[in-house]
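Colleague: Provided herewith: start.cif, mmCIF, C-alpha atoms.
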```cif
data_entry
#
loop_
_atom_site.label_atom_id
_atom_site.label_comp_id
_atom_site.auth_asym_id
_atom_site.auth_seq_id
_atom_site.Cartn_x
_atom_site.Cartn_y
_atom_site.Cartn_z
CA MET A 38 125.91 -60.94 10.54
CA GLN A 39 123.81 -57.96 11.57
CA GLU A 40 120.31 -59.37 10.86
CA ALA A 41 120.41 -61.82 13.78
CA ILE A 42 119.54 -59.06 16.27
CA TYR A 43 115.93 -58.97 14.98
CA ILE A 44 115.53 -62.71 15.64
CA ILE A 45 116.87 -62.04 19.16
CA TYR A 46 114.06 -59.48 19.59
CA LEU A 47 111.42 -62.07 18.57
CA LEU A 48 112.84 -64.66 20.97
CA GLY A 49 112.98 -62.05 23.74
CA ILE A 50 109.24 -61.48 23.40
CA ALA A 51 108.66 -65.27 23.63
CA GLY A 52 110.90 -65.48 26.71
CA ILE A 53 109.02 -62.68 28.47
CA LEU A 54 105.72 -64.51 27.85
CA CYS A 55 107.25 -67.69 29.35
CA LEU A 56 108.41 -65.64 32.38
CA TYR A 57 104.81 -64.50 32.89
CA ARG A 58 103.72 -68.15 33.16
CA ILE A 59 106.60 -68.92 35.56
CA LEU A 60 105.61 -66.06 37.88
CA ARG A 61 101.88 -66.64 37.65
CA GLY A 62 101.45 -70.45 37.37
CA PRO A 63 98.92 -71.87 39.82
CA THR A 64 100.76 -75.13 40.54
CA ALA A 65 104.35 -76.32 40.51
CA PRO A 66 104.18 -78.39 37.24
CA ASP A 67 103.00 -75.24 35.38
CA ARG A 68 106.19 -73.49 36.40
CA VAL A 69 108.30 -76.50 35.41
CA VAL A 70 106.65 -76.60 31.96
CA ALA A 71 107.31 -72.88 31.44
CA LEU A 72 110.93 -73.29 32.61
CA ASP A 73 111.43 -76.19 30.20
CA ALA A 74 110.11 -73.94 27.42
CA LEU A 75 112.42 -71.09 28.50
CA VAL A 76 115.75 -72.96 28.58
CA PRO A 77 116.10 -73.75 24.80
CA ILE A 78 114.95 -70.19 23.99
CA ILE A 79 117.84 -68.78 26.06
CA ALA A 80 120.28 -71.27 24.48
CA THR A 81 119.12 -70.17 21.01
CA ILE A 82 119.55 -66.51 22.02
CA MET A 83 123.15 -67.34 23.00
CA VAL A 84 123.82 -68.96 19.60
CA LEU A 85 122.30 -65.98 17.75
CA PHE A 86 124.33 -63.52 19.82
CA ALA A 87 127.50 -65.47 19.00
CA LEU A 88 126.51 -65.25 15.31
CA TYR A 89 125.90 -61.50 15.73
CA GLN A 90 129.28 -60.92 17.32
CA GLY A 91 131.18 -63.31 15.06
CA ASP A 92 132.77 -64.92 18.13
CA GLY A 93 132.38 -68.62 18.92
CA LEU A 94 132.78 -68.41 22.70
CA LEU A 95 129.07 -68.56 23.61
CA LEU A 96 128.39 -71.76 21.60
CA ASP A 97 129.95 -74.11 24.19
CA ILE A 98 128.16 -72.27 27.00
CA SER A 99 124.80 -72.71 25.22
CA ILE A 100 125.32 -76.49 24.82
CA VAL A 101 126.22 -76.89 28.52
CA TYR A 102 123.25 -74.71 29.53
CA ALA A 103 120.82 -76.86 27.51
CA ILE A 104 122.15 -80.06 29.12
CA LEU A 105 121.93 -78.60 32.66
CA GLY A 106 118.39 -77.32 32.03
CA PHE A 107 117.25 -80.78 30.93
CA ILE A 108 118.81 -82.42 34.01
CA GLY A 109 117.11 -79.81 36.22
CA THR A 110 113.74 -80.60 34.64
CA LEU A 111 114.23 -84.33 35.28
CA VAL A 112 115.25 -83.78 38.93
CA ILE A 113 112.31 -81.44 39.70
CA SER A 114 109.89 -83.93 38.10
CA LYS A 115 111.26 -86.80 40.17
CA TYR A 116 110.90 -84.63 43.28
CA LEU A 117 107.27 -83.84 42.43
CA MET A 118 106.55 -87.56 41.97
CA GLY A 119 107.82 -88.17 45.49
CA GLU A 120 110.60 -90.54 44.50
CA GLY A 121 114.35 -90.60 45.01
CA ILE A 122 116.89 -89.73 42.36
CA GLY A 123 118.02 -93.29 41.67
CA ASP A 124 114.56 -94.92 41.59
CA SER A 125 113.15 -96.21 38.33
CA ILE A 126 110.46 -94.15 36.64
CA MET B 43 119.05 -65.96 2.41
CA ILE B 44 117.02 -69.13 3.02
CA GLY B 45 118.59 -69.38 6.47
CA LEU B 46 117.23 -65.93 7.34
CA ILE B 47 113.73 -66.95 6.18
CA LEU B 48 113.91 -70.09 8.36
CA MET B 49 115.06 -67.99 11.33
CA ALA B 50 112.14 -65.55 10.92
CA ILE B 51 109.60 -68.40 10.69
CA GLY B 52 111.15 -70.01 13.77
CA GLY B 53 110.90 -66.79 15.79
CA ILE B 54 107.23 -66.39 14.92
CA VAL B 55 106.53 -70.06 15.83
CA ALA B 56 108.32 -69.55 19.18
CA ILE B 57 106.06 -66.54 19.93
CA ILE B 58 102.97 -68.61 18.98
CA GLY B 59 104.08 -71.38 21.35
CA ALA B 60 104.59 -68.88 24.19
CA ILE B 61 101.09 -67.43 23.60
CA GLY B 62 99.73 -70.99 23.78
CA LEU B 63 101.65 -71.46 27.04
CA ILE B 64 99.67 -68.54 28.48
CA ARG B 65 96.25 -69.22 26.95
CA PHE B 66 95.85 -72.99 27.51
CA PRO B 67 93.83 -73.95 30.60
CA ASP B 68 95.65 -77.01 31.93
CA VAL B 69 99.10 -78.49 32.56
CA TYR B 70 98.58 -81.34 30.09
CA THR B 71 97.69 -78.96 27.27
CA ARG B 72 100.53 -76.59 28.13
CA THR B 73 103.06 -79.37 27.55
CA HIS B 74 101.86 -79.38 23.93
CA ALA B 75 102.62 -75.67 23.55
CA GLN B 76 106.00 -76.13 25.25
CA THR B 77 107.08 -78.87 22.84
CA LEU B 78 105.89 -76.75 19.88
CA SER B 79 108.00 -73.84 21.12
CA ASN B 80 111.05 -76.07 21.58
CA VAL B 81 111.01 -78.20 18.44
CA GLY B 82 109.22 -75.90 16.01
CA GLY B 83 110.80 -72.66 17.13
CA CYS B 84 114.30 -73.21 18.47
CA CYS B 85 115.21 -76.12 16.18
CA LEU B 86 114.08 -74.15 13.09
CA ILE B 87 116.20 -71.15 14.14
CA LEU B 88 119.20 -73.40 14.80
CA PHE B 89 118.72 -75.02 11.38
CA GLY B 90 118.83 -71.53 9.91
CA VAL B 91 122.09 -70.92 11.78
CA PHE B 92 123.34 -74.25 10.39
CA LEU B 93 122.62 -73.06 6.84
CA GLU B 94 124.01 -69.55 7.39
CA GLY B 95 127.19 -70.68 9.13
CA PHE B 96 128.85 -71.88 5.89
CA TYR B 97 130.24 -75.11 7.34
CA SER B 98 132.30 -73.41 10.04
CA ILE B 99 132.29 -74.25 13.77
CA PHE B 100 128.86 -72.56 14.04
CA SER B 101 127.29 -75.23 11.83
CA ILE B 102 128.71 -78.18 13.78
CA LYS B 103 127.66 -76.90 17.19
CA ALA B 104 124.24 -75.79 15.97
CA LEU B 105 123.75 -79.33 14.63
CA PHE B 106 124.67 -80.74 18.08
CA LEU B 107 122.07 -78.46 19.70
CA ILE B 108 119.39 -79.48 17.13
CA ILE B 109 119.95 -83.20 17.85
CA PHE B 110 119.95 -82.61 21.61
CA ILE B 111 116.72 -80.57 21.63
CA PHE B 112 115.01 -83.09 19.32
CA LEU B 113 115.91 -85.88 21.74
CA THR B 114 115.12 -84.17 25.04
CA ALA B 115 111.98 -82.07 24.40
CA PRO B 116 109.51 -85.06 24.20
CA ILE B 117 111.18 -86.70 27.23
CA GLY B 118 110.77 -83.53 29.29
CA ALA B 119 107.12 -83.05 28.31
CA HIS B 120 106.29 -86.70 29.03
CA ILE B 121 107.93 -86.78 32.46
CA ILE B 122 106.35 -83.47 33.53
CA ALA B 123 102.89 -84.77 32.56
CA LYS B 124 103.52 -87.96 34.54
CA ALA B 125 104.71 -85.98 37.58
CA ALA B 126 101.64 -83.72 37.41
CA TYR B 127 99.35 -86.77 37.26
CA LYS B 128 101.10 -88.45 40.18
CA SER B 129 101.01 -85.28 42.29
CA GLY B 130 97.23 -85.24 42.08
CA ILE B 131 96.19 -82.75 39.37
CA LYS B 132 93.06 -83.90 37.57
CA PRO B 133 93.04 -83.43 33.77
CA LYS B 134 90.13 -81.50 32.23
CA VAL B 135 89.20 -84.22 29.77
CA VAL B 136 86.20 -86.53 29.53
CA LEU B 137 88.15 -89.73 28.89
CA ASP B 138 90.94 -90.47 31.35
CA GLU B 139 92.76 -93.41 29.78
CA TRP B 140 95.35 -93.85 32.50
CA LYS B 141 92.71 -94.14 35.22
CA ALA B 142 90.75 -96.62 33.12
CA ARG B 143 93.87 -98.75 32.61
CA LYS B 144 94.44 -99.39 36.32
#
```
As a first step, turn the structure in this file into structure tokens.
Modeller:
Amino acid sequence: MQEAIYIIYLLGIAGILCLYRILRGPTAPDRVVALDALVPIIATIMVLFALYQGDGLLLDISIVYAILGFIGTLVISKYLMGEGIGDSI
Amino acid sequence: MIGLILMAIGGIVAIIGAIGLIRFPDVYTRTHAQTLSNVGGCCLILFGVFLEGFYSIFSIKALFLIIFIFLTAPIGAHIIAKAAYKSGIKPKVVLDEWKARK
């Protein structure tokens, strides 16, 4: 499916704008918000590239990457709150 | 064909969310733009992939990713806002409901 490469271009522009906020955020939660916006964009780019190639290898990698990005967001937020990993929220 | 239209709309919504991530003045308003970019952009594109995949393995795994992003995007935005409030960033609003509750 050759048309998926144009959607990858659109998502690449969105990812570059998120990278600007990651580099230039004044505080740490700004960077975490931009990172949490960037992770599903990269997972969607992986799915679209798998659709462009016609090969299903990148689909599993995108699911695992989305799960690890969510866990990373949770751990950084707990660290910013000043609590341990096992404490209740 | 309708999957391609959904993918194009999703890409434009993702760009709008990223512009909001740059233009908004505060952490608590940027979480709004982040959730818009996740749910409105990426889930719409993945639903287009689900329609274009013709019930192959692409459709099943795209449906898994849609359900996962729908579940985790509000949780992430909520916990980042709570962490920002607890680490001492004051919100730029007139009415602070959490401070009034304590």
Colleague: Give me, as a list in words, the contact residues of chain A against chain B at a cut-off of 7 Å, counting only C-alpha atoms.
Modeller: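 Residues satisfying the distance criterion: Ile44, Leu47, Leu48, Ile50, Ala51, Leu54, Cys55, Arg58, Pro66, Asp67, Val70, Ala74, Pro77, Ile78, Thr81, Leu96, Ile100, Thr110, Leu111, Ser114, Leu117 and Met118 of chain A.
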Colleague: Grab the atom CA of Val76 of chain A to atom CA of Ile108 of chain A distance for me, in Å with one decimal place.
Modeller: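 Straight-line distance from atom CA of Val76 of chain A to atom CA of Ile108 of chain A works out to 11.3 Å.
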Colleague: Rounded to one decimal, what separation in Å do you get between atom CA of Leu88 of chain A and atom CA of Pro116 of chain B?
Modeller: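 We find that atom CA of Leu88 of chain A and atom CA of Pro116 of chain B lie 27.6 Å from each other.
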Colleague: Provide the atom CA of Asp97 of chain A to atom CA of Leu48 of chain B distance in Å, to one decimal place.
Modeller: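 Between atom CA of Asp97 of chain A and atom CA of Leu48 of chain B the gap works out to 22.9 Å.
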Colleague: Enumerate, as a PyMOL selection string, the residues matched when the PyMOL selection byres ((chain A and resi 41) around 8) is run on the file above.
Modeller: chain A and resi 38-40+42-45+85-86+88-89
Colleague: Which centre and edge lengths in Å to one decimal define the box along x, y and z that fits every listed atom of segment 51-66 of chain A plus 3 Å per side, as lines of an AutoDock Vina configuration file?
Modeller:
```
center_x = 104.9
center_y = -70.5
center_z = 32.1
size_x = 18.0
size_y = 21.7
size_z = 22.9
```
Colleague: Identify which of the residues A:Phe107, A:Tyr116, A:Tyr46, A:Tyr57 lies closest to Ile82 of chain A, counting only C-alpha atoms when measuring atom-to-atom distances.
Modeller: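 Once distances to Ile82 of chain A are computed over only C-alpha atoms, the minimum belongs to A:Tyr46.
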Colleague: Of the residues B:Leu113, B:Ile44, B:Phe66, B:His120, which is the one nearest to Leu86 of chain B, using only C-alpha atoms?
Modeller: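 Using only C-alpha atoms, Leu86 of chain B sits closest to B:Ile44.
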Colleague: Near Arg68 of chain A, within 8 Å and counting only C-alpha atoms, which residues show up once chain neighbours fewer than 5 positions away are dropped, as number ranges by chain?
Modeller: A: 58-60, 62
Colleague: Which neighbours of Ala80 of chain A fall inside 7 Å, counting only C-alpha atoms, when residues of the same chain fewer than 3 positions from it are skipped, and could you give them as a list in words?
Modeller: Val76, Pro77, Met83, Val84, Ser99, Tyr102 and Ala103 of chain A
Colleague: Write out N, CA and C atoms for segment 111-127 of chain B, as a short mmCIF file (atom, residue, chain, number, x, y, z; two decimals), in the coordinates of the input.
Modeller:
```cif
data_model
loop_
_atom_site.label_atom_id
_atom_site.label_comp_id
_atom_site.auth_asym_id
_atom_site.auth_seq_id
_atom_site.Cartn_x
_atom_site.Cartn_y
_atom_site.Cartn_z
N ILE B 111 118.07 -81.05 21.33
CA ILE B 111 116.72 -80.57 21.63
C ILE B 111 115.67 -81.52 21.06
N PHE B 112 115.93 -82.10 19.87
CA PHE B 112 115.01 -83.09 19.32
C PHE B 112 114.89 -84.30 20.23
N LEU B 113 115.99 -84.71 20.88
CA LEU B 113 115.91 -85.88 21.74
C LEU B 113 115.25 -85.57 23.07
N THR B 114 115.51 -84.39 23.65
CA THR B 114 115.12 -84.17 25.04
C THR B 114 113.78 -83.48 25.21
N ALA B 115 113.24 -82.78 24.19
CA ALA B 115 111.98 -82.07 24.40
C ALA B 115 110.80 -83.03 24.63
N PRO B 116 110.62 -84.15 23.89
CA PRO B 116 109.51 -85.06 24.20
C PRO B 116 109.68 -85.76 25.55
N ILE B 117 110.95 -86.05 25.93
CA ILE B 117 111.18 -86.70 27.23
C ILE B 117 110.76 -85.77 28.36
N GLY B 118 111.12 -84.49 28.24
CA GLY B 118 110.77 -83.53 29.29
C GLY B 118 109.27 -83.36 29.41
N ALA B 119 108.57 -83.23 28.27
CA ALA B 119 107.12 -83.05 28.31
C ALA B 119 106.43 -84.27 28.91
N HIS B 120 106.90 -85.47 28.53
CA HIS B 120 106.29 -86.70 29.03
C HIS B 120 106.47 -86.84 30.54
N ILE B 121 107.68 -86.55 31.03
CA ILE B 121 107.93 -86.78 32.46
C ILE B 121 107.25 -85.70 33.30
N ILE B 122 107.08 -84.49 32.77
CA ILE B 122 106.35 -83.47 33.53
C ILE B 122 104.88 -83.83 33.62
N ALA B 123 104.30 -84.36 32.52
CA ALA B 123 102.89 -84.77 32.56
C ALA B 123 102.69 -85.90 33.56
N LYS B 124 103.66 -86.85 33.59
CA LYS B 124 103.52 -87.96 34.54
C LYS B 124 103.64 -87.48 35.98
N ALA B 125 104.56 -86.52 36.23
CA ALA B 125 104.71 -85.98 37.58
C ALA B 125 103.47 -85.20 38.00
N ALA B 126 102.85 -84.47 37.07
CA ALA B 126 101.64 -83.72 37.41
C ALA B 126 100.49 -84.68 37.72
N TYR B 127 100.42 -85.81 36.98
CA TYR B 127 99.35 -86.77 37.26
C TYR B 127 99.57 -87.45 38.61
#
```
